file data.txt (compact mmCIF, C-alpha atoms)
# COMPACT_ATOMS: atom_id res chain seq x y z
CA MET A 1 17.20 0.65 -26.60
CA GLY A 2 18.98 3.38 -24.61
CA THR A 3 19.13 3.82 -20.88
CA ILE A 4 16.09 4.71 -18.79
CA LYS A 5 16.23 6.91 -15.70
CA THR A 6 13.51 6.28 -13.14
CA LYS A 7 12.82 6.37 -9.45
CA GLY A 8 11.62 3.15 -7.92
CA VAL A 9 11.29 1.03 -4.79
CA ILE A 10 12.27 -2.62 -4.45
CA LEU A 11 9.28 -4.85 -3.67
CA VAL A 12 11.06 -8.21 -3.92
CA GLU A 13 14.69 -9.33 -4.02
CA ARG A 14 15.65 -12.86 -5.05
CA ASN A 15 19.11 -14.38 -5.29
CA MET A 16 20.15 -15.47 -8.77
CA GLY A 17 23.32 -17.51 -8.81
CA ASP A 18 26.32 -16.65 -6.66
CA PHE A 19 26.51 -12.91 -7.27
CA ASP A 20 23.35 -11.64 -8.98
CA LYS A 21 19.82 -10.73 -7.93
CA MET A 22 16.46 -10.63 -9.68
CA LEU A 23 14.33 -7.77 -8.37
CA THR A 24 10.73 -6.63 -8.58
CA MET A 25 10.57 -2.84 -8.62
CA LEU A 26 7.66 -0.40 -8.55
CA THR A 27 8.20 2.73 -10.63
CA PRO A 28 5.90 5.71 -11.30
CA GLY A 29 5.88 5.44 -15.09
CA LEU A 30 6.89 1.88 -15.99
CA GLY A 31 4.70 0.30 -13.32
CA LYS A 32 5.87 -2.93 -11.71
CA ILE A 33 8.91 -4.34 -13.49
CA SER A 34 11.34 -7.21 -13.08
CA CYS A 35 15.00 -6.26 -13.34
CA ALA A 36 18.32 -8.01 -12.94
CA ALA A 37 21.09 -6.60 -10.74
CA ARG A 38 24.33 -8.19 -11.87
CA GLY A 39 26.97 -8.55 -9.19
CA ALA A 40 24.67 -7.01 -6.55
CA LYS A 41 25.61 -9.63 -3.93
CA LYS A 42 29.30 -8.77 -4.09
CA PHE A 43 30.51 -6.94 -0.99
CA ARG A 44 31.92 -3.99 -2.93
CA SER A 45 29.10 -3.81 -5.47
CA SER A 46 27.69 -0.35 -6.21
CA LEU A 47 24.26 -2.05 -6.32
CA LEU A 48 24.54 -3.69 -2.88
CA VAL A 49 22.24 -1.19 -1.13
CA GLY A 50 20.09 -0.30 -4.13
CA SER A 51 19.08 -3.92 -4.67
CA GLN A 52 17.75 -4.48 -1.14
CA PHE A 53 14.08 -4.90 -0.22
CA LEU A 54 12.34 -1.53 0.42
CA CYS A 55 15.18 0.58 -0.99
CA PHE A 56 13.81 3.67 -2.75
CA GLY A 57 16.23 5.21 -5.19
CA GLU A 58 16.95 6.68 -8.57
CA TYR A 59 17.89 3.96 -11.03
CA ILE A 60 19.52 3.89 -14.44
CA LEU A 61 18.16 0.91 -16.38
CA TYR A 62 18.62 -0.62 -19.79
CA LYS A 63 16.48 -3.26 -21.44
CA THR A 64 17.47 -6.30 -23.46
CA ASN A 65 14.60 -8.26 -25.00
CA SER A 66 12.04 -8.44 -22.16
CA THR A 67 14.41 -7.98 -19.22
CA TYR A 68 15.48 -4.78 -17.50
CA TYR A 69 18.99 -4.52 -16.06
CA ILE A 70 20.18 -2.05 -13.44
CA ASN A 71 23.17 -0.06 -14.62
CA SER A 72 23.47 2.15 -11.53
CA CYS A 73 21.51 3.34 -8.52
CA GLU A 74 21.50 6.30 -6.16
CA PRO A 75 19.64 5.27 -2.97
CA ILE A 76 17.28 7.92 -1.57
CA GLU A 77 15.72 6.08 1.40
CA VAL A 78 16.40 2.58 2.75
CA PHE A 79 13.91 2.60 5.66
CA TYR A 80 16.50 1.37 8.13
CA ASN A 81 14.09 1.61 11.07
CA ILE A 82 11.85 -0.97 9.40
CA ARG A 83 14.69 -3.32 8.58
CA LYS A 84 15.88 -3.47 12.20
CA ASP A 85 12.40 -3.99 13.72
CA LEU A 86 10.80 -7.38 13.01
CA ARG A 87 7.26 -6.19 13.73
CA LYS A 88 7.58 -3.17 11.44
CA LEU A 89 9.15 -5.42 8.81
CA GLU A 90 6.18 -7.76 9.11
CA TYR A 91 3.75 -4.93 8.26
CA ALA A 92 5.95 -3.55 5.47
CA SER A 93 6.20 -7.02 3.90
CA PHE A 94 2.44 -7.43 4.10
CA ILE A 95 1.63 -4.17 2.31
CA SER A 96 4.32 -4.99 -0.27
CA LYS A 97 2.50 -8.24 -1.11
CA ILE A 98 -0.71 -6.29 -1.68
CA ILE A 99 1.12 -3.77 -3.88
CA ILE A 100 2.54 -6.63 -5.96
CA ASP A 101 -0.96 -7.99 -6.54
CA VAL A 102 -2.52 -4.70 -7.69
CA THR A 103 0.22 -3.36 -10.00
CA ASN A 104 1.33 -4.31 -13.51
CA GLU A 105 4.01 -3.42 -16.02
CA ASN A 106 3.51 -0.48 -18.41
CA GLU A 107 0.94 1.35 -16.33
CA ASN A 108 1.05 4.65 -14.50
CA SER A 109 1.62 3.76 -10.85
CA TYR A 110 2.47 7.21 -9.49
CA ARG A 111 -0.40 7.44 -6.99
CA ILE A 112 0.11 3.89 -5.73
CA LEU A 113 3.86 4.44 -5.38
CA GLN A 114 3.23 7.68 -3.49
CA LEU A 115 0.84 5.95 -1.09
CA TYR A 116 3.24 3.03 -0.64
CA LEU A 117 6.18 5.29 0.21
CA ASN A 118 4.09 7.41 2.58
CA THR A 119 2.91 4.25 4.32
CA LEU A 120 6.47 2.97 4.68
CA TYR A 121 7.48 6.34 6.12
CA MET A 122 4.69 6.18 8.71
CA ILE A 123 5.73 2.65 9.70
CA SER A 124 9.39 3.62 9.87
CA GLU A 125 9.39 7.05 11.45
CA THR A 126 6.29 7.38 13.65
CA ASP A 127 4.81 5.66 16.67
CA LYS A 128 1.28 5.41 15.23
CA ASP A 129 -0.50 2.12 15.80
CA LEU A 130 0.60 -0.22 12.99
CA ASP A 131 -2.89 -1.66 12.50
CA PHE A 132 -4.21 1.91 12.22
CA ILE A 133 -1.62 2.67 9.51
CA LEU A 134 -2.48 -0.56 7.70
CA SER A 135 -6.21 0.21 7.73
CA ILE A 136 -5.68 3.68 6.28
CA PHE A 137 -3.43 2.20 3.59
CA LYS A 138 -6.04 -0.39 2.60
CA ILE A 139 -8.93 2.07 2.30
CA LYS A 140 -6.88 4.62 0.36
CA LEU A 141 -5.45 1.97 -1.95
CA ILE A 142 -8.82 0.46 -2.77
CA SER A 143 -10.10 3.96 -3.59
CA ILE A 144 -7.15 4.63 -5.91
CA LEU A 145 -7.94 1.34 -7.67
CA GLY A 146 -11.45 2.57 -8.46
CA PHE A 147 -13.46 0.92 -5.69
CA THR A 148 -14.27 4.11 -3.80
CA PRO A 149 -17.20 3.52 -1.44
CA ASN A 150 -20.10 5.96 -1.37
CA VAL A 151 -19.52 8.15 1.68
CA ARG A 152 -21.71 11.17 0.82
CA TRP A 153 -25.16 9.76 1.51
CA CYS A 154 -27.07 6.57 2.31
CA THR A 155 -26.65 4.07 -0.52
CA ASN A 156 -30.31 3.08 -0.12
CA CYS A 157 -32.40 6.20 0.52
CA ASN A 158 -29.87 9.01 -0.23
CA SER A 159 -30.26 10.55 3.21
CA LYS A 160 -27.23 12.49 4.49
CA GLU A 161 -28.31 12.24 8.11
CA LYS A 162 -27.18 9.70 10.72
CA LEU A 163 -24.84 7.70 8.48
CA GLU A 164 -24.18 5.13 11.19
CA PHE A 165 -23.58 1.97 9.13
CA PHE A 166 -21.10 0.82 6.48
CA SER A 167 -22.56 -1.68 4.02
CA LEU A 168 -20.19 -4.14 2.33
CA LYS A 169 -23.02 -5.33 0.09
CA GLU A 170 -23.84 -1.87 -1.23
CA ASN A 171 -20.35 -0.35 -1.02
CA GLY A 172 -20.83 2.57 1.30
CA PHE A 173 -22.64 4.27 4.14
CA LYS A 174 -26.20 3.64 5.19
CA CYS A 175 -28.36 5.71 7.45
CA ASN A 176 -29.55 4.51 10.83
CA ILE A 177 -32.86 3.23 9.43
CA CYS A 178 -31.60 1.48 6.28
CA GLY A 179 -28.51 0.10 7.97
CA LYS A 180 -30.54 -1.86 10.49
CA GLN A 181 -32.21 -3.70 7.59
CA ASP A 182 -28.89 -4.76 6.03
CA THR A 183 -27.37 -7.83 7.69
CA SER A 184 -23.96 -7.12 6.08
CA ALA A 185 -23.81 -3.56 7.40
CA ILE A 186 -21.38 -2.69 10.20
CA HIS A 187 -22.42 -0.17 12.82
CA ILE A 188 -19.86 2.65 13.17
CA GLN A 189 -19.20 5.63 15.39
CA SER A 190 -19.32 9.18 14.08
CA SER A 191 -15.52 9.39 14.34
CA THR A 192 -15.17 6.28 12.15
CA GLU A 193 -17.50 7.80 9.56
CA LYS A 194 -15.44 11.00 9.50
CA ALA A 195 -12.19 9.02 9.30
CA ILE A 196 -13.33 7.04 6.25
CA LYS A 197 -14.44 10.26 4.52
CA TYR A 198 -11.11 11.89 5.30
CA ILE A 199 -9.06 8.94 4.01
CA ILE A 200 -10.93 8.85 0.72
CA MET A 201 -10.92 12.60 0.06
CA SER A 202 -7.47 13.59 1.27
CA PRO A 203 -4.29 13.54 -0.87
CA PRO A 204 -1.85 10.67 -0.17
CA LYS A 205 0.62 13.00 1.58
CA LYS A 206 -1.97 13.95 4.20
CA VAL A 207 -3.92 10.73 4.46
CA PHE A 208 -2.31 9.76 7.79
CA SER A 209 -2.72 13.20 9.39
CA PHE A 210 -5.44 12.40 11.90
CA ASN A 211 -6.10 10.36 15.03
CA ILE A 212 -9.15 8.54 16.37
CA GLY A 213 -9.99 6.58 19.51
CA GLU A 214 -9.21 2.94 20.13
CA GLU A 215 -12.75 1.71 19.46
CA ALA A 216 -12.94 3.64 16.19
CA ILE A 217 -9.57 2.15 15.15
CA LYS A 218 -11.03 -1.34 15.63
CA GLU A 219 -14.07 -0.44 13.50
CA LEU A 220 -11.83 1.02 10.80
CA GLU A 221 -9.63 -2.08 10.87
CA LEU A 222 -12.63 -4.39 10.38
CA ILE A 223 -14.07 -2.36 7.50
CA ALA A 224 -10.68 -1.99 5.77
CA LYS A 225 -9.98 -5.72 6.01
CA LEU A 226 -13.38 -6.88 4.75
CA TYR A 227 -13.67 -4.24 2.02
CA LEU A 228 -10.19 -4.86 0.59
CA ASN A 229 -10.60 -8.64 0.64
CA ASP A 230 -13.99 -8.34 -1.04
CA LYS A 231 -12.86 -6.03 -3.84
CA LEU A 232 -9.58 -7.85 -4.54
CA GLU A 233 -11.26 -11.24 -4.12
CA LYS A 234 -8.53 -12.55 -1.85
CA ASP A 235 -8.31 -13.31 1.85
CA TYR A 236 -5.19 -11.40 2.85
CA LYS A 237 -3.46 -12.60 6.00
CA MET A 238 -0.22 -11.39 7.46
CA ASP A 239 2.66 -13.86 7.72
CA LYS A 240 4.05 -13.86 11.24
CA MET A 241 7.84 -13.53 11.44
CA PHE A 242 8.10 -14.32 15.15

call {"tool": "encode", "arguments": {"input": "data.txt", "output": "structure tokens"}}
result
Amino acid sequence: MGTIKTKGVILVERNMGDFDKMLTMLTPGLGKISCAARGAKKFRSSLLVGSQFLCFGEYILYKTNSTYYINSCEPIEVFYNIRKDLRKLEYASFISKIIIDVTNENENSYRILQLYLNTLYMISETDKDLDFILSIFKIKLISILGFTPNVRWCTNCNSKEKLEFFSLKENGFKCNICGKQDTSAIHIQSSTEKAIKYIIMSPPKKVFSFNIGEEAIKELELIAKLYLNDKLEKDYKMDKMF
């Protein structure tokens, strides 16, 4: 098999022997792949930067049997501001774990990769609340995966008025009347309702282009956490680094 040229971002780096690394990389066309970086731990290696966690670059790969090998790499973005900030690194590591769980080899991962990179950029280059960024990421990701909640009308009576509840049981908004009869429904402000609609309907490049109040951020955080955990059937918790 000949060489393959692809862009990708490193999700995991593991040491392999004295000089090599085994990497997990997310690519737009190949999906999530494992690849070996021979000699990447050597100080003068051309793969030293390109084999680091979170590095986004253009890679030349070749494949032998079932293993990809990195021939060369041209780094595009290394997200230095994340690497030097433990709290930002904590959030970046957490979303990377989620990305690892929801991606596979040989599948088109363009939209997920785009969202992942945009999220890393927001963590790295802006002063937005990190929990706010994480909540937006979770809701957009779960929608990309096909679990888009119904945000157009009440999931029970189809009313478009006073959508003041989010129902985990019925996957979407409920009106003021129906929501009060659903013990799993979470009462939300109008700004939270609009935020969820915006996240779902906007393209990944613009998904972070809004702000809401502190109380609405807390509501969004709760909904994003419960909805993601429910759909992925896993209780995600962030590992504290300090």

call {"tool": "residues_near_point", "arguments": {"input": "data.txt", "point": "(13.1, -3.9, -7.8)", "cutoff": "6 Å", "atoms": "all atoms listed in the file", "output": "number ranges by chain"}}
result
A: 10-11, 23-25

call {"tool": "closest_atom_pairs", "arguments": {"input": "data.txt", "of": "region 138-242 of chain A", "to": "region 114-130 of chain A", "cutoff": "10 Å", "atoms": "all atoms listed in the file", "output": "JSON lines"}}
result
{"residue": "A:Lys140", "atom": "CA", "partner": "A:Leu115", "partner_atom": "CA", "distance": 8.0}
{"residue": "A:Leu141", "atom": "CA", "partner": "A:Leu115", "partner_atom": "CA", "distance": 7.5}
{"residue": "A:Ile144", "atom": "CA", "partner": "A:Leu115", "partner_atom": "CA", "distance": 9.4}
{"residue": "A:Pro203", "atom": "CA", "partner": "A:Leu115", "partner_atom": "CA", "distance": 9.2}
{"residue": "A:Pro204", "atom": "CA", "partner": "A:Leu115", "partner_atom": "CA", "distance": 5.5}
{"residue": "A:Lys205", "atom": "CA", "partner": "A:Asn118", "partner_atom": "CA", "distance": 6.7}
{"residue": "A:Lys206", "atom": "CA", "partner": "A:Asn118", "partner_atom": "CA", "distance": 9.1}
{"residue": "A:Val207", "atom": "CA", "partner": "A:Leu115", "partner_atom": "CA", "distance": 8.7}
{"residue": "A:Phe208", "atom": "CA", "partner": "A:Met122", "partner_atom": "CA", "distance": 7.9}
{"residue": "A:Asn211", "atom": "CA", "partner": "A:Lys128", "partner_atom": "CA", "distance": 8.9}
{"residue": "A:Glu214", "atom": "CA", "partner": "A:Asp129", "partner_atom": "CA", "distance": 9.8}
{"residue": "A:Ile217", "atom": "CA", "partner": "A:Asp129", "partner_atom": "CA", "distance": 9.1}

call {"tool": "atom_distance", "arguments": {"input": "data.txt", "atom1": "CA of Phe147 (chain A)", "atom2": "CA of Leu232 (chain A)"}}
result
9.7 Å

call {"tool": "atom_distance", "arguments": {"input": "data.txt", "atom1": "CA of Tyr68 (chain A)", "atom2": "CA of Ile95 (chain A)"}}
result
24.2 Å

call {"tool": "closest_residue", "arguments": {"input": "data.txt", "among": "A:Ile76, A:Ile223, A:Ile139, A:Leu163", "to": "Val49 (chain A)", "atoms": "all atoms listed in the file"}}
result
A:Ile76

call {"tool": "residues_near_point", "arguments": {"input": "data.txt", "point": "(-21.8, -0.2, 6.8)", "cutoff": "7 Å", "atoms": "all atoms listed in the file", "output": "NGL selection string"}}
result
:A and (165-168 or 172-174 or 179 or 185-187)

call {"tool": "residues_around", "arguments": {"input": "data.txt", "residues": "Gly57 (chain A)", "least_positions_apart": "5", "cutoff": "7 Å", "atoms": "all atoms listed in the file", "output": "VMD selection string"}}
result
chain A and resid 7 to 9 50 73 to 77

call {"tool": "residues_around", "arguments": {"input": "data.txt", "residues": "Glu233 (chain A)", "least_positions_apart": "4", "cutoff": "12 Å", "atoms": "all atoms listed in the file", "output": "list in words"}}
result
Ile98, Asp101, Val102, Lys225, Leu226, Tyr227, Leu228 and Asn229 of chain A

call {"tool": "axis_aligned_box", "arguments": {"input": "data.txt", "around": "region 133-147 of chain A", "padding_each_side": "8 Å", "output": "lines of an AutoDock Vina configuration file"}}
result
center_x = -7.5
center_y = 2.0
center_z = 0.5
size_x = 27.8
size_y = 21.2
size_z = 34.0

call {"tool": "closest_residue", "arguments": {"input": "data.txt", "among": "A:Lys138, A:Lys169, A:Lys63, A:Lys41", "to": "Phe94 (chain A)", "atoms": "all atoms listed in the file"}}
result
A:Lys138

call {"tool": "closest_residue", "arguments": {"input": "data.txt", "among": "A:Ser135, A:Ser109, A:Ser93, A:Thr103", "to": "Met238 (chain A)", "atoms": "all atoms listed in the file"}}
result
A:Ser93

call {"tool": "atom_distance", "arguments": {"input": "data.txt", "atom1": "CA of Asp131 (chain A)", "atom2": "CA of Ser191 (chain A)"}}
result
16.9 Å

call {"tool": "closest_residue", "arguments": {"input": "data.txt", "among": "A:Ser190, A:Asn176, A:Ser209, A:Asn65", "to": "Asn156 (chain A)", "atoms": "only C-alpha atoms"}}
result
A:Asn176

call {"tool": "closest_residue", "arguments": {"input": "data.txt", "among": "A:Thr27, A:Ser159, A:Ser66, A:Asn171", "to": "Ile99 (chain A)", "atoms": "all atoms listed in the file"}}
result
A:Thr27

call {"tool": "residues_around", "arguments": {"input": "data.txt", "residues": "Ile60 (chain A)", "least_positions_apart": "3", "cutoff": "6 Å", "atoms": "all atoms listed in the file", "output": "ChimeraX atom specification"}}
result
/A:4-5,71-72

call {"tool": "closest_residue", "arguments": {"input": "data.txt", "among": "A:Thr67, A:Gly31, A:Glu58, A:Asp20", "to": "Phe43 (chain A)", "atoms": "only C-alpha atoms"}}
result
A:Asp20

call {"tool": "residues_around", "arguments": {"input": "data.txt", "residues": "Ile200 (chain A)", "least_positions_apart": "3", "cutoff": "7 Å", "atoms": "all atoms listed in the file", "output": "list in words"}}
result
Lys140, Ser143, Ile196 and Lys197 of chain A

call {"tool": "decode", "arguments": {"input": "data.txt", "residues": "region 172-187 of chain A", "atoms": "C-alpha atoms", "output": "short mmCIF file (atom, residue, chain, number, x, y, z; two decimals), in the first residue's frame"}}
result
data_model
loop_
_atom_site.label_atom_id
_atom_site.label_comp_id
_atom_site.auth_asym_id
_atom_site.auth_seq_id
_atom_site.Cartn_x
_atom_site.Cartn_y
_atom_site.Cartn_z
CA GLY A 172 -36.68 17.37 24.12
CA PHE A 173 -38.69 20.38 25.17
CA LYS A 174 -42.02 20.32 26.92
CA CYS A 175 -44.46 23.13 27.37
CA ASN A 176 -45.27 24.64 30.73
CA ILE A 177 -48.31 22.39 31.23
CA CYS A 178 -46.84 19.05 30.10
CA GLY A 179 -43.48 19.69 31.73
CA LYS A 180 -44.99 19.97 35.18
CA GLN A 181 -46.37 16.42 34.77
CA ASP A 182 -42.96 14.95 33.90
CA THR A 183 -40.81 14.24 36.96
CA SER A 184 -37.67 13.93 34.79
CA ALA A 185 -38.17 17.32 33.15
CA ILE A 186 -35.86 20.22 34.04
CA HIS A 187 -37.30 23.71 34.22
#
